[in-house]
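Colleague: Would you mind keeping the following structure in view while I ask a few things?
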Amino acid sequence: MVGSPYQTTQNIISDLRYLKELKPDMIGIGPYITHKETPFADKKSGSITLTLRVLAILRLMFPKSLIPATTALGTLDNEGQKKGILSGANVIMPNATAVGYRAGYQLYANKPNLDENAEETMAALEASVKSIGETLRLNELGDSPHAK
């Protein structure tokens, strides 16, 4: 979580160095988002700008890894997932949870698309990705560096 309370630039650098040693196939990051039912309820959420910068650094460090544009990006910024793709993310995981259950699965407030069904979510996602000149590739395996 980028921008967590008390996180420093040095913490982020240390995390990046650790990831370099780990050589992960998939790296999921997103901005820290405050939740009212936690000890950090009075802290501010992380920065979308800093998160996108870290995402871009990760893409440069790990050109073949799977890096998702998380729903947390879309929660802090309506264009967040699109900006994530433009910053280096190469995976989007749509919310396919049935509408009646989405409200019960909220890690943070203001999660987008709680009232959309899966088809509406996919149509919006496809339009968003198309608007930046990309194409959704569905049902394809994203082979990671270690898969072979």
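Ligands are numbered from 1 in the order shown, residues from 1 within each chain, and chains are lettered A, B, ... in the order they appear in the structure tokens.
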Tell me, as an NGL selection string, which residues lie within 7 Å of Thr34 in chain A, counting only C-alpha atoms; anything in the same chain fewer than 5 positions away does not count.

Modeller: :A and (40-41 or 43-45 or 108)

Colleague: With only C-alpha atoms as the counted atoms, please give the residues lying no more than 12 Å from range 133-135 of chain A, apart from itself and same-chain residues fewer than 5 positions off, as a PyMOL selection string.

Modeller: chain A and resi 82+85-86+90-92+125-128

Colleague: If you measure from CA of Ala96 in chain A to CA of Leu52 in chain A, what distance in Å do you get, rounded to one decimal?

Modeller: 24.5 Å

Colleague: Pick out the closest residue to Thr71 in chain A from this set: A:Tyr18, A:Ser47, A:Tyr101, A:Gly30. Count only C-alpha atoms.

Modeller: A:Gly30

Colleague: Which is closest to Gly80 in chain A among A:Leu66, A:Met61, A:Ile48, A:Ile132, if we use only C-alpha atoms?

Modeller: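 When distances to Gly80 in chain A are compared using only C-alpha atoms, the smallest one comes from A:Ile48.
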
Colleague: Using DSSP on the backbone coordinates, identify all residues within chain A classified as helix (DSSP H, G or I); present the result as a VMD selection string.

Modeller: chain A and resid 9 to 22 48 to 61 71 to 76 80 to 87 99 to 102 118 to 130
